[in-house]
$ cat upload-v7.cif   # mmCIF, C-alpha atoms
data_data
loop_
_atom_site.label_atom_id
_atom_site.label_comp_id
_atom_site.auth_asym_id
_atom_site.auth_seq_id
_atom_site.Cartn_x
_atom_site.Cartn_y
_atom_site.Cartn_z
CA MET A 24 62.47 97.86 -46.34
CA ASP A 25 61.51 97.20 -42.78
CA SER A 26 62.79 93.74 -42.14
CA THR A 27 62.49 91.31 -39.28
CA SER A 28 64.05 87.91 -39.49
CA VAL A 29 63.74 84.92 -37.24
CA PHE A 30 65.53 81.62 -37.44
CA MET A 31 63.83 78.96 -35.40
CA ASN A 32 64.85 75.50 -34.44
CA THR A 33 61.61 74.00 -33.30
CA ALA A 34 63.19 71.18 -31.35
CA LYS A 35 64.52 73.69 -28.87
CA VAL A 36 61.35 75.44 -27.98
CA LYS A 37 62.63 76.50 -24.59
CA VAL A 38 65.18 78.72 -26.30
CA LEU A 39 62.34 80.54 -27.98
CA LYS A 40 60.38 81.34 -24.87
CA GLY A 41 59.78 85.03 -24.67
CA LEU A 42 60.66 85.52 -28.28
CA SER A 43 58.24 87.61 -30.21
CA ILE A 44 58.41 88.59 -33.81
CA GLY A 45 58.73 92.31 -33.82
CA LYS A 46 60.60 95.05 -35.52
CA ASP A 47 64.39 94.98 -35.29
CA SER A 48 64.52 91.72 -33.39
CA SER A 49 66.48 88.73 -34.57
CA PHE A 50 67.27 85.26 -33.39
CA TYR A 51 69.77 82.70 -34.50
CA ALA A 52 69.96 79.31 -32.78
CA GLN A 53 73.06 77.99 -34.49
CA ASP A 54 74.30 75.87 -31.59
CA GLN A 55 70.97 74.19 -31.20
CA MET A 56 70.77 73.59 -34.91
CA LYS A 57 74.12 71.79 -34.89
CA GLN A 58 72.91 69.48 -32.15
CA LEU A 59 69.91 68.47 -34.18
CA GLU A 60 71.24 68.06 -37.67
CA GLY A 61 68.78 66.17 -39.78
CA ILE A 62 65.88 66.72 -37.42
CA CYS A 63 62.98 68.85 -38.55
CA MET A 64 63.81 72.51 -38.82
CA TYR A 65 62.20 75.44 -40.43
CA GLN A 66 62.79 79.09 -40.87
CA PHE A 67 60.19 81.74 -40.70
CA SER A 68 60.91 85.34 -41.40
CA ILE A 69 58.90 88.45 -41.98
CA ASP A 70 59.77 91.13 -44.47
CA ARG A 71 57.28 93.90 -44.54
CA GLU A 72 57.54 95.93 -47.68
CA THR A 73 57.04 99.60 -47.14
CA ASP A 74 56.74 100.35 -50.83
CA ALA A 75 53.79 98.04 -51.36
CA PRO A 76 50.53 97.62 -49.47
CA LYS A 77 51.24 93.98 -48.63
CA MET A 78 52.89 92.15 -45.78
CA VAL A 79 55.38 89.60 -47.08
CA LEU A 80 56.12 86.57 -44.94
CA THR A 81 58.84 84.18 -46.00
CA ILE A 82 58.54 80.52 -45.04
CA SER A 83 61.28 78.02 -45.69
CA GLY A 84 62.42 74.57 -44.68
CA GLU A 85 60.08 71.78 -43.62
CA ILE A 86 56.73 72.27 -41.91
CA ASP A 87 55.48 69.03 -40.41
CA LEU A 88 53.61 67.94 -37.29
CA PHE A 89 56.68 68.53 -35.17
CA ALA A 90 57.14 72.10 -36.37
CA ALA A 91 53.40 72.82 -36.47
CA PRO A 92 52.76 74.20 -32.94
CA GLU A 93 55.52 76.79 -33.15
CA PHE A 94 54.71 77.63 -36.75
CA ARG A 95 51.03 78.12 -35.89
CA GLU A 96 51.80 80.42 -33.01
CA LYS A 97 54.20 82.62 -34.96
CA LEU A 98 52.15 82.76 -38.14
CA TYR A 99 48.91 83.64 -36.33
CA GLU A 100 50.76 86.24 -34.32
CA ALA A 101 52.16 87.73 -37.53
CA VAL A 102 48.77 88.01 -39.25
CA SER A 103 46.63 88.82 -36.21
CA ASP A 104 46.48 92.59 -36.64
CA VAL A 105 47.37 92.86 -40.27
CA SER A 106 45.43 95.43 -42.24
CA ALA A 107 46.80 94.51 -45.64
CA ASP A 108 46.97 91.61 -48.03
CA VAL A 109 49.49 88.97 -46.99
CA VAL A 110 52.02 87.39 -49.32
CA LEU A 111 53.60 84.09 -48.32
CA ASN A 112 56.90 83.65 -50.09
CA CYS A 113 57.46 79.89 -50.26
CA ARG A 114 60.45 79.81 -52.60
CA ASP A 115 62.51 77.87 -50.06
CA LEU A 116 59.71 75.83 -48.54
CA SER A 117 60.79 72.26 -49.22
CA TYR A 118 58.07 70.32 -47.45
CA ILE A 119 54.67 70.88 -45.90
CA ASP A 120 52.06 68.36 -44.78
CA SER A 121 48.37 68.55 -43.97
CA SER A 122 49.05 69.97 -40.51
CA GLY A 123 50.92 72.84 -42.16
CA LEU A 124 48.19 73.30 -44.75
CA GLY A 125 45.63 73.50 -41.94
CA ILE A 126 47.65 76.25 -40.30
CA LEU A 127 47.85 78.19 -43.55
CA LEU A 128 44.08 77.88 -43.85
CA GLY A 129 43.69 79.19 -40.30
CA ALA A 130 45.85 82.16 -41.18
CA LEU A 131 43.74 82.78 -44.28
CA LYS A 132 40.56 82.86 -42.19
CA ARG A 133 42.14 85.45 -39.89
CA VAL A 134 43.26 87.63 -42.76
CA ARG A 135 39.87 87.40 -44.44
CA GLN A 136 38.18 88.64 -41.29
CA ASN A 137 39.74 91.98 -42.16
CA SER A 138 38.63 91.66 -45.79
CA HIS A 139 42.09 90.91 -47.11
CA GLN A 140 43.56 88.07 -49.12
CA VAL A 141 46.53 85.72 -48.84
CA TYR A 142 48.77 85.28 -51.86
CA ILE A 143 51.15 82.35 -52.04
CA ARG A 144 54.19 82.71 -54.24
CA TYR A 145 56.82 80.41 -55.68
CA LEU A 146 55.43 77.08 -54.55
CA LYS A 147 57.44 74.07 -55.64
CA ASP A 148 55.52 71.78 -57.97
CA SER A 149 55.42 68.96 -55.43
CA ILE A 150 53.80 71.29 -52.88
CA LYS A 151 51.48 72.97 -55.36
CA LYS A 152 50.17 69.49 -56.10
CA LEU A 153 49.03 69.20 -52.47
CA PHE A 154 47.19 72.52 -52.71
CA ILE A 155 45.36 71.26 -55.79
CA ILE A 156 44.49 67.88 -54.26
CA THR A 157 43.05 69.49 -51.13
CA GLY A 158 41.28 72.26 -53.03
CA LEU A 159 43.28 74.96 -51.30
CA ASP A 160 44.39 76.35 -54.65
CA LYS A 161 40.88 77.83 -54.82
CA ALA A 162 41.08 79.41 -51.38
CA PHE A 163 44.45 81.09 -51.75
CA VAL A 164 45.76 83.06 -54.69
CA LEU A 165 48.71 81.09 -56.04
CA GLU A 166 51.23 83.16 -57.92
CA ASP A 167 54.38 82.31 -59.83
CA VAL A 168 55.56 85.86 -60.34
CA GLN A 169 59.23 86.40 -61.18
CA MET B 14 53.00 41.90 -55.27
CA SER B 15 55.49 39.19 -54.31
CA LYS B 16 57.62 40.18 -51.35
CA GLN B 17 61.36 40.30 -51.89
CA LYS B 18 62.66 42.17 -48.86
CA GLN B 19 61.14 43.53 -45.70
CA ILE B 20 62.36 46.42 -43.57
CA VAL B 21 60.74 47.08 -40.22
CA LEU B 22 61.00 50.34 -38.34
CA ALA B 23 59.48 51.03 -34.93
CA ILE B 24 59.30 54.61 -33.69
CA PRO B 25 57.97 56.22 -30.52
CA PRO B 26 54.57 57.86 -31.08
CA GLU B 27 56.05 61.35 -31.14
CA ALA B 28 56.08 63.96 -33.87
CA ALA B 29 59.85 64.33 -33.56
CA TYR B 30 60.33 60.91 -35.18
CA ILE B 31 58.13 61.43 -38.22
CA SER B 32 61.04 62.88 -40.14
CA LEU B 33 63.00 59.69 -39.50
CA ALA B 34 60.21 57.60 -41.03
CA ARG B 35 59.96 60.02 -43.93
CA LEU B 36 63.66 59.74 -44.58
CA THR B 37 63.51 55.93 -44.44
CA ALA B 38 60.56 55.81 -46.85
CA SER B 39 62.20 58.11 -49.36
CA GLY B 40 65.49 56.21 -49.14
CA LEU B 41 63.80 52.89 -49.85
CA ALA B 42 61.71 54.36 -52.65
CA ASN B 43 64.85 55.74 -54.22
CA GLN B 44 66.53 52.35 -53.97
CA LEU B 45 63.59 50.75 -55.74
CA GLY B 46 63.94 53.12 -58.67
CA PHE B 47 60.96 55.39 -58.15
CA ASP B 48 61.27 58.73 -59.89
CA MET B 49 61.61 61.94 -57.89
CA ASP B 50 57.91 62.79 -58.06
CA ALA B 51 56.92 59.37 -56.80
CA ILE B 52 59.49 59.55 -54.00
CA GLU B 53 57.94 62.85 -52.90
CA ASP B 54 54.48 61.26 -53.06
CA ILE B 55 55.53 58.36 -50.87
CA LYS B 56 57.30 60.61 -48.39
CA VAL B 57 54.24 62.79 -48.01
CA CYS B 58 51.85 59.86 -47.60
CA VAL B 59 53.89 58.04 -44.96
CA SER B 60 54.08 61.29 -43.06
CA GLU B 61 50.35 61.90 -43.33
CA VAL B 62 49.49 58.50 -41.88
CA LEU B 63 51.90 59.03 -38.99
CA ASN B 64 50.45 62.49 -38.35
CA GLU B 65 46.99 61.03 -38.00
CA THR B 66 48.16 58.06 -35.99
CA ILE B 67 49.98 60.25 -33.49
CA SER B 68 47.57 63.15 -33.23
CA THR B 69 44.39 61.11 -32.86
CA SER B 70 45.63 58.85 -30.08
CA SER B 71 48.15 60.82 -28.07
CA ASP B 72 47.38 58.86 -24.89
CA ILE B 73 48.69 55.59 -26.31
CA LYS B 74 52.38 55.04 -25.63
CA GLU B 75 52.97 51.92 -27.72
CA PRO B 76 55.41 52.41 -30.60
CA ILE B 77 54.27 52.76 -34.17
CA THR B 78 55.53 50.02 -36.47
CA LEU B 79 56.24 50.62 -40.13
CA CYS B 80 56.76 47.48 -42.17
CA PHE B 81 58.09 48.14 -45.66
CA ASP B 82 57.64 45.25 -48.07
CA LEU B 83 59.84 45.76 -51.09
CA THR B 84 58.83 44.00 -54.28
CA LYS B 85 60.17 43.94 -57.79
CA ASP B 86 57.52 46.34 -59.01
CA GLY B 87 57.02 48.66 -56.07
CA PHE B 88 56.50 48.68 -52.39
CA GLU B 89 53.91 48.39 -49.71
CA VAL B 90 54.08 49.89 -46.25
CA LEU B 91 52.01 48.69 -43.32
CA ILE B 92 51.77 51.23 -40.53
CA SER B 93 50.31 49.86 -37.31
CA ARG B 94 49.80 50.82 -33.72
CA ASP B 95 48.09 48.76 -31.05
CA MET B 96 44.78 50.07 -29.72
CA LEU B 97 44.45 52.59 -32.53
CA GLN B 98 40.82 53.39 -33.26
CA GLN B 99 40.45 53.55 -37.03
CA SER B 100 37.17 55.38 -36.75
CA ALA B 101 38.94 58.35 -35.18
CA LEU B 102 41.30 58.77 -38.12
CA PHE B 103 40.86 61.36 -40.86
CA THR B 104 37.88 63.06 -39.24
CA SER B 105 39.31 66.54 -38.58
CA GLU B 106 39.77 69.21 -41.23
CA THR B 107 43.46 68.40 -41.61
CA GLY B 108 42.57 64.71 -41.48
CA GLN B 109 40.33 65.21 -44.49
CA PHE B 110 43.21 66.93 -46.29
CA ALA B 111 45.41 63.99 -45.40
CA LEU B 112 42.93 61.42 -46.70
CA SER B 113 42.54 63.28 -49.99
CA ILE B 114 46.31 63.35 -50.35
CA LEU B 115 46.65 59.63 -49.61
CA GLU B 116 43.91 58.58 -51.99
CA THR B 117 45.34 60.70 -54.78
CA LEU B 118 49.02 59.98 -54.45
CA MET B 119 49.05 56.28 -53.59
CA ASP B 120 47.88 53.40 -55.76
CA ARG B 121 46.10 51.74 -52.87
CA VAL B 122 45.11 52.78 -49.35
CA ILE B 123 43.56 50.25 -46.97
CA LEU B 124 42.36 51.02 -43.46
CA SER B 125 41.92 47.72 -41.67
CA ASN B 126 39.69 47.20 -38.69
CA ASP B 127 41.95 44.84 -36.77
CA ASN B 128 43.18 45.55 -33.23
CA ALA B 129 46.58 46.64 -34.50
CA GLY B 130 45.04 49.58 -36.33
CA THR B 131 46.90 48.86 -39.54
CA ILE B 132 46.98 51.19 -42.49
CA CYS B 133 48.36 49.85 -45.73
CA LEU B 134 49.79 52.05 -48.49
CA SER B 135 51.11 50.69 -51.73
CA LYS B 136 52.61 52.11 -54.85
CA THR B 137 54.16 50.59 -57.92
CA THR B 138 57.12 52.01 -59.77
CA GLY B 139 56.47 53.97 -62.90
CA ARG B 140 53.49 55.83 -61.61
CA SER B 141 53.55 59.25 -60.03
CA VAL B 142 50.80 61.81 -59.93
CA PRO B 143 51.70 64.62 -62.33
CA HIS B 144 51.96 68.14 -61.05
CA GLY B 145 48.90 70.27 -61.47
#
$ encode --input "upload-v7.cif" --output "structure tokens"
Amino acid sequence: MDSTSVFMNTAKVKVLKGLSIGKDSSFYAQDQMKQLEGICMYQFSIDRETDAPKMVLTISGEIDLFAAPEFREKLYEAVSDVSADVVLNCRDLSYIDSSGLGILLGALKRVRQNSHQVYIRYLKDSIKKLFIITGLDKAFVLEDVQ
Amino acid sequence: MSKQKQIVLAIPPEAAYISLARLTASGLANQLGFDMDAIEDIKVCVSEVLNETISTSSDIKEPITLCFDLTKDGFEVLISRDMLQQSALFTSETGQFALSILETLMDRVILSNDNAGTICLSKTTGRSVPHG
């Protein structure tokens, strides 16, 4: 498995300047995280499976308005040139609001431009409820595969 | 609803403080005996209103005031910000998502047309929207 992992503390954006999600790169902002305990944080990592024709992106933590700009930039960058279906693994996504849902929809539009689909896996019930309310359960393919 | 206690929180109009309001709302909802689903609903809705309030009027520097009225059968939160134009709220694509979420998850949503730009959310205990 070709794996790239990024840990981002969005409150310390300056630390992330110049950071790009690419193969074999990694980032861990532990010191910054300690300074901001309790403030919005999220993790975003990419695991590209070589044994399946899909790009798997793992999203965890909380995606809110504060995290949204960084999340948008990194997610759009990740899906910009993708020539495969995209799977969003949301097993550890604990919170997302409408700003995050809007970003996911933007990513879907980009992926669909290349005639591919976005699959969303392992949504928590409380988050799946938001997809249903907003009608986004019809736009994405929601999966609960084990 | 007859008021029993009132908690007032004022935050700067910055996204960094939304999580603080979310935490306060969920803590109060928990204290009132809401179940976990309802606490999640309340947390999401308070956040959605703040998102709209902050993102649609970024030039206004006045703080946002959240007034939580706790009652014996639920709670009501009044979120207000001076000079906020109600007509600008919930007009974008994400704003439409937010409004759908509010109207589904809360018992009552009122957008007032006063100068304080007040949005009122209320929810009574014992009611949460079931998962799909």
$ interface_residues --input "upload-v7.cif" --of "chain B" --to "chain A" --cutoff "7 Å" --atoms "only C-alpha atoms" --output "JSON, numbers by chain"
{"B": [28, 29, 32, 57, 61, 64, 107, 110, 111, 113, 114, 144, 145]}
$ write_last_selection --input "upload-v7.cif" --atoms "C-alpha atoms" --output "compact mmCIF listing (two decimals), in the frame of the given file"
# COMPACT_ATOMS: atom_id res chain seq x y z
CA ALA B 28 56.08 63.96 -33.87
CA ALA B 29 59.85 64.33 -33.56
CA SER B 32 61.04 62.88 -40.14
CA VAL B 57 54.24 62.79 -48.01
CA GLU B 61 50.35 61.90 -43.33
CA ASN B 64 50.45 62.49 -38.35
CA THR B 107 43.46 68.40 -41.61
CA PHE B 110 43.21 66.93 -46.29
CA ALA B 111 45.41 63.99 -45.40
CA SER B 113 42.54 63.28 -49.99
CA ILE B 114 46.31 63.35 -50.35
CA HIS B 144 51.96 68.14 -61.05
CA GLY B 145 48.90 70.27 -61.47
$ atom_distance --input "upload-v7.cif" --atom1 "CA of Asp167 (chain A)" --atom2 "CA of Ile143 (chain A)"
8.4 Å
$ residues_around --input "upload-v7.cif" --residues "region 88-90 of chain B" --least-positions-apart "2" --cutoff "9 Å" --atoms "all atoms listed in the file" --output "ChimeraX atom specification"
/B:14,16,38,41-42,45,59,79-86,92,132-138
$ atom_distance --input "upload-v7.cif" --atom1 "CA of Val102 (chain A)" --atom2 "CA of Tyr145 (chain A)"
19.8 Å
$ axis_aligned_box --input "upload-v7.cif" --around "region 64-73 of chain B" --padding-each-side "6 Å" --output "JSON"
{"center_x": 47.4, "center_y": 59.4, "center_z": -31.6, "size_x": 18.1, "size_y": 19.6, "size_z": 25.5}
$ resolve_selection --input "upload-v7.cif" --expression "the PyMOL selection byres ((chain B and resi 35) around 10)" --output "tab-separated table (two decimals) with C-alpha atoms, in the frame of the given file"
chain	number	residue	atom	x	y	z
B	30	TYR	CA	60.33	60.91	-35.18
B	31	ILE	CA	58.13	61.43	-38.22
B	32	SER	CA	61.04	62.88	-40.14
B	33	LEU	CA	63.00	59.69	-39.50
B	34	ALA	CA	60.21	57.60	-41.03
B	36	LEU	CA	63.66	59.74	-44.58
B	37	THR	CA	63.51	55.93	-44.44
B	38	ALA	CA	60.56	55.81	-46.85
B	39	SER	CA	62.20	58.11	-49.36
B	40	GLY	CA	65.49	56.21	-49.14
B	53	GLU	CA	57.94	62.85	-52.90
B	55	ILE	CA	55.53	58.36	-50.87
B	56	LYS	CA	57.30	60.61	-48.39
B	57	VAL	CA	54.24	62.79	-48.01
B	58	CYS	CA	51.85	59.86	-47.60
B	59	VAL	CA	53.89	58.04	-44.96
B	60	SER	CA	54.08	61.29	-43.06
B	61	GLU	CA	50.35	61.90	-43.33
B	63	LEU	CA	51.90	59.03	-38.99
$ atom_distance --input "upload-v7.cif" --atom1 "CA of Met119 (chain B)" --atom2 "CA of Ala162 (chain A)"
24.6 Å
$ resolve_selection --input "upload-v7.cif" --expression "the PyMOL selection byres ((chain B and resi 99) around 8)" --output "list in words"
Leu97, Gln98, Ser100, Ala101, Leu102, Leu124, Ser125, Asn126 and Gly130 of chain B
$ write_last_selection --input "upload-v7.cif" --atoms "C-alpha atoms" --output "PDB file, in the frame of the given file"
ATOM      1  CA  LEU B  97      44.450  52.590 -32.530  1.00  0.00           C
ATOM      2  CA  GLN B  98      40.820  53.390 -33.260  1.00  0.00           C
ATOM      3  CA  SER B 100      37.170  55.380 -36.750  1.00  0.00           C
ATOM      4  CA  ALA B 101      38.940  58.350 -35.180  1.00  0.00           C
ATOM      5  CA  LEU B 102      41.300  58.770 -38.120  1.00  0.00           C
ATOM      6  CA  LEU B 124      42.360  51.020 -43.460  1.00  0.00           C
ATOM      7  CA  SER B 125      41.920  47.720 -41.670  1.00  0.00           C
ATOM      8  CA  ASN B 126      39.690  47.200 -38.690  1.00  0.00           C
ATOM      9  CA  GLY B 130      45.040  49.580 -36.330  1.00  0.00           C
TER      10      GLY B 130
END
$ residues_around --input "upload-v7.cif" --residues "Arg133 (chain A)" --least-positions-apart "3" --cutoff "10 Å" --atoms "only C-alpha atoms" --output "ChimeraX atom specification"
/A:99,102-105,127-130,136-141
$ residues_near_point --input "upload-v7.cif" --point "(59.4, 85.1, -51.0)" --cutoff "6 Å" --atoms "all atoms listed in the file" --output "VMD selection string"
chain A and resid 81 112 to 114
$ resolve_selection --input "upload-v7.cif" --expression "the PyMOL selection byres ((chain A and resi 166) around 10)" --output "count of residues only"
14
$ residues_around --input "upload-v7.cif" --residues "Ile24 (chain B)" --least-positions-apart "2" --cutoff "8 Å" --atoms "all atoms listed in the file" --output "tab-separated table (two decimals) with C-alpha atoms, keeping the file's coordinate frame"
chain	number	residue	atom	x	y	z
B	22	LEU	CA	61.00	50.34	-38.34
B	26	PRO	CA	54.57	57.86	-31.08
B	27	GLU	CA	56.05	61.35	-31.14
B	30	TYR	CA	60.33	60.91	-35.18
B	34	ALA	CA	60.21	57.60	-41.03
B	76	PRO	CA	55.41	52.41	-30.60
B	77	ILE	CA	54.27	52.76	-34.17
B	78	THR	CA	55.53	50.02	-36.47
$ closest_residue --input "upload-v7.cif" --among "B:Leu118, B:Val62, B:Ile123, B:Ile20" --to "Arg94 (chain B)" --atoms "all atoms listed in the file"
B:Val62
$ decode --input "upload-v7.cif" --residues "region 28-39 of chain B" --atoms "all heavy atoms" --output "compact mmCIF listing (two decimals), in the first residue's frame"
# COMPACT_ATOMS: atom_id res chain seq x y z
N ALA B 28 -14.40 32.23 13.56
CA ALA B 28 -14.68 30.80 13.47
C ALA B 28 -14.01 30.01 14.58
O ALA B 28 -14.51 28.96 15.00
CB ALA B 28 -14.23 30.28 12.11
N ALA B 29 -12.90 30.51 15.08
CA ALA B 29 -12.15 29.79 16.11
C ALA B 29 -12.96 29.60 17.39
O ALA B 29 -12.66 28.71 18.18
CB ALA B 29 -10.85 30.54 16.43
N TYR B 30 -13.98 30.44 17.60
CA TYR B 30 -14.73 30.37 18.84
C TYR B 30 -16.05 29.61 18.71
O TYR B 30 -16.79 29.48 19.69
CB TYR B 30 -14.99 31.79 19.37
CG TYR B 30 -13.70 32.49 19.72
CD1 TYR B 30 -13.08 33.33 18.81
CD2 TYR B 30 -13.07 32.24 20.93
CE1 TYR B 30 -11.86 33.93 19.10
CE2 TYR B 30 -11.85 32.84 21.23
CZ TYR B 30 -11.26 33.69 20.31
OH TYR B 30 -10.06 34.27 20.60
N ILE B 31 -16.32 29.09 17.54
CA ILE B 31 -17.56 28.32 17.36
C ILE B 31 -17.53 27.05 18.21
O ILE B 31 -18.53 26.65 18.80
CB ILE B 31 -17.79 27.99 15.87
CG1 ILE B 31 -18.06 29.27 15.09
CG2 ILE B 31 -18.96 27.03 15.71
CD1 ILE B 31 -18.20 29.07 13.59
N SER B 32 -16.36 26.44 18.29
CA SER B 32 -16.27 25.21 19.07
C SER B 32 -16.56 25.47 20.55
O SER B 32 -17.09 24.60 21.24
CB SER B 32 -14.89 24.55 18.89
OG SER B 32 -13.87 25.43 19.29
N LEU B 33 -16.22 26.65 21.02
CA LEU B 33 -16.51 27.00 22.41
C LEU B 33 -18.03 27.07 22.63
O LEU B 33 -18.55 26.55 23.63
CB LEU B 33 -15.87 28.35 22.75
CG LEU B 33 -16.15 28.91 24.14
CD1 LEU B 33 -15.57 28.01 25.21
CD2 LEU B 33 -15.56 30.31 24.26
N ALA B 34 -18.73 27.69 21.70
CA ALA B 34 -20.19 27.77 21.80
C ALA B 34 -20.83 26.39 21.69
O ALA B 34 -21.80 26.07 22.38
CB ALA B 34 -20.73 28.69 20.70
N ARG B 35 -20.26 25.58 20.83
CA ARG B 35 -20.77 24.21 20.64
C ARG B 35 -20.62 23.42 21.94
O ARG B 35 -21.53 22.70 22.35
CB ARG B 35 -19.96 23.57 19.52
CG ARG B 35 -20.63 22.45 18.82
CD ARG B 35 -20.04 22.23 17.45
NE ARG B 35 -18.64 21.88 17.44
CZ ARG B 35 -17.75 22.37 16.60
NH1 ARG B 35 -18.13 23.23 15.69
NH2 ARG B 35 -16.50 22.01 16.63
N LEU B 36 -19.48 23.57 22.55
CA LEU B 36 -19.21 22.86 23.80
C LEU B 36 -20.16 23.33 24.90
O LEU B 36 -20.69 22.52 25.66
CB LEU B 36 -17.75 23.12 24.21
CG LEU B 36 -17.18 22.28 25.34
CD1 LEU B 36 -17.12 20.81 24.91
CD2 LEU B 36 -15.77 22.76 25.69
N THR B 37 -20.38 24.63 24.96
CA THR B 37 -21.30 25.19 25.97
C THR B 37 -22.72 24.65 25.75
O THR B 37 -23.38 24.21 26.70
CB THR B 37 -21.32 26.73 25.88
OG1 THR B 37 -19.98 27.21 26.03
CG2 THR B 37 -22.21 27.33 26.94
N ALA B 38 -23.16 24.67 24.50
CA ALA B 38 -24.52 24.21 24.19
C ALA B 38 -24.69 22.74 24.55
O ALA B 38 -25.70 22.35 25.16
CB ALA B 38 -24.82 24.42 22.70
N SER B 39 -23.70 21.92 24.21
CA SER B 39 -23.85 20.50 24.50
C SER B 39 -23.78 20.24 26.00
O SER B 39 -24.48 19.37 26.52
CB SER B 39 -22.82 19.67 23.74
OG SER B 39 -21.51 20.06 24.08
